[in-house]
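Enquirer: This is the structure I want to talk about, given as structure tokens.
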Amino acid sequence: MRSKGHAGIGLLLSSVVFLLYPGDVRDFYLWLWFAVFLGMITWPDLDLRFELRHRGFTHTLAGAVFFGFVGAAIFGLARLDYAVYGFLGGFGGTLAHILGDVFTYMRFRPLWPLSSREVGLGWFRASNERVNRFFAKLGSTCFTLVLVYRLVDWELLLRSFSGLV
């Protein structure tokens, strides 16, 4: 899966988090998590830039923990209480990336070191532009709808319309 497809899956999963979030969606810490989560969702593909074996360590559970600690270290430097959100964003972003890659043809070991079982559902090619565009559009549409749903004061809006009738 390409960057835009991974971003779309990240937005789709973030939609669920924002929809179910028990507090106000204007919460700074929710947005901090979201920024790290979405920002680090493509980090597992750094293996391509450094000419490492693609979908090796960076595409495993152990890699997700590693990227979680990287996120914690980076954001913990700004403020210590940000480290938790850095970890959750880095770890979660990597898991979301792995989820997207599971649907492609290329087999890899996402649960290593807990399991060496290779997974690759073979639903589409990672390079399929149509699929990547579809996930990007689906994720951005769902995220936008969830934000509108959570941010609009529906009672006030309904009272305003009922006063017009």
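Ordering of the structure tokens sets the chain letters (A, B, ...), residue numbers begin anew at 1 in every chain, and ligands are numbered from 1 in the order given.
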Using only C-alpha atoms, I'd like a table of the residues in region 13-45 of chain A that come within 9 Å of region 82-99 of chain A; for each, show the closest atom pair and its distance in Å rounded to one decimal, ordered by chain and ascending number, as CSV.
Expert:
residue,atom,partner,partner_atom,distance
A:Leu13,CA,A:Ala96,CA,7.8
A:Tyr29,CA,A:Tyr85,CA,7.3
A:Leu30,CA,A:Tyr85,CA,8.4
A:Leu32,CA,A:Tyr85,CA,6.7
A:Trp33,CA,A:Tyr85,CA,5.1
A:Phe34,CA,A:Gly89,CA,6.7
A:Ala35,CA,A:Gly89,CA,7.6
A:Val36,CA,A:Gly89,CA,4.7
A:Phe37,CA,A:Gly89,CA,3.8
A:Leu38,CA,A:Gly93,CA,6.2
A:Gly39,CA,A:Gly93,CA,7.8
A:Met40,CA,A:Gly93,CA,5.6
A:Ile41,CA,A:Gly93,CA,4.3
A:Thr42,CA,A:His97,CA,6.7
A:Trp43,CA,A:Thr94,CA,7.2
A:Pro44,CA,A:Thr94,CA,6.4
A:Asp45,CA,A:His97,CA,8.9
Enquirer: If you count only C-alpha atoms, which residues fall within 9 Å of Phe57 (chain A), apart from same-chain ones fewer than 6 positions away, as a list in words?
Expert: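 Near Phe57 (chain A), the qualifying residues are Pro44, Asp47, Gly63, Arg109, Pro110 and Trp112 of chain A.
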Enquirer: Taking the DSSP assignment computed from this structure's backbone, write out as a PyMOL selection string all residues of region 24-165 of chain A that belong to helix (DSSP H, G or I).
Expert: chain A and resi 28-39+43-49+57-59+61-78+82-102+129-151+154-164
Enquirer: From the list A:Ala7, A:Val152, A:Leu61, A:Ala78, which residue is nearest Ser116 (chain A) when using only C-alpha atoms?
Expert: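 Ranked by minimum distance to Ser116 (chain A), first place goes to A:Leu61.
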Enquirer: Taking only C-alpha atoms into account, which of A:Phe67, A:Val119, A:Ala62, A:Leu147 comes nearest Tyr21 (chain A)?
Expert: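 Nearest candidate to Tyr21 (chain A) out of A:Phe67, A:Val119, A:Ala62, A:Leu147: A:Leu147.
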Enquirer: Which residues are close to Phe134 (chain A), i.e. within 12 Å by only C-alpha atoms, leaving aside same-chain residues fewer than 2 positions away? Reply as a list in words.
Expert: Met1, Arg2, Lys4, Gly5, His6, Ala7, Gly8, Ile9, Leu12, Asn128, Glu129, Arg130, Val131, Asn132, Ala136, Lys137, Leu138, Gly139, Ser140 and Thr141 of chain A
Enquirer: What does the file look like for those residues with C-alpha atoms, as a PDB file, in the first residue's frame?
Expert:
ATOM      1  CA  MET A   1       0.000   0.000   0.000  1.00  0.00           C
ATOM      2  CA  ARG A   2       1.221   3.503  -0.790  1.00  0.00           C
ATOM      3  CA  LYS A   4      -2.083   7.913   0.481  1.00  0.00           C
ATOM      4  CA  GLY A   5      -3.692   4.518   1.097  1.00  0.00           C
ATOM      5  CA  HIS A   6      -2.036   4.270   4.512  1.00  0.00           C
ATOM      6  CA  ALA A   7      -3.149   7.813   5.351  1.00  0.00           C
ATOM      7  CA  GLY A   8      -6.695   6.883   4.349  1.00  0.00           C
ATOM      8  CA  ILE A   9      -6.675   3.817   6.598  1.00  0.00           C
ATOM      9  CA  LEU A  12     -10.639   5.718   8.841  1.00  0.00           C
ATOM     10  CA  ASN A 128      -2.866  -0.348  -7.096  1.00  0.00           C
ATOM     11  CA  GLU A 129      -3.573   3.373  -7.517  1.00  0.00           C
ATOM     12  CA  ARG A 130      -7.348   2.911  -7.554  1.00  0.00           C
ATOM     13  CA  VAL A 131      -7.335   1.087  -4.218  1.00  0.00           C
ATOM     14  CA  ASN A 132      -4.974   3.625  -2.628  1.00  0.00           C
ATOM     15  CA  ALA A 136      -7.681   7.994   0.891  1.00  0.00           C
ATOM     16  CA  LYS A 137     -11.143   9.247  -0.107  1.00  0.00           C
ATOM     17  CA  LEU A 138     -12.989   6.891   2.243  1.00  0.00           C
ATOM     18  CA  GLY A 139     -10.815   7.828   5.214  1.00  0.00           C
ATOM     19  CA  SER A 140     -10.969  11.580   4.628  1.00  0.00           C
ATOM     20  CA  THR A 141     -14.742  11.472   4.064  1.00  0.00           C
TER      21      THR A 141
END
Enquirer: Can you work out which one of A:Val146, A:Leu164, A:Leu157, A:Met106 has the shortest atom-to-atom distance to Leu20 (chain A), counting only C-alpha atoms?
Expert: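 Checking each of A:Val146, A:Leu164, A:Leu157, A:Met106 against Leu20 (chain A), counting only C-alpha atoms, the winner is A:Val146.
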Enquirer: Distance CA of Phe108 (chain A)-CA of Gly120 (chain A), one decimal place?
Expert: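 These atoms are spaced 6.7 Å apart.
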Enquirer: How far is it from CA of Asp24 (chain A) to CA of Leu158 (chain A), in Å with one decimal?
Expert: 20.4 Å
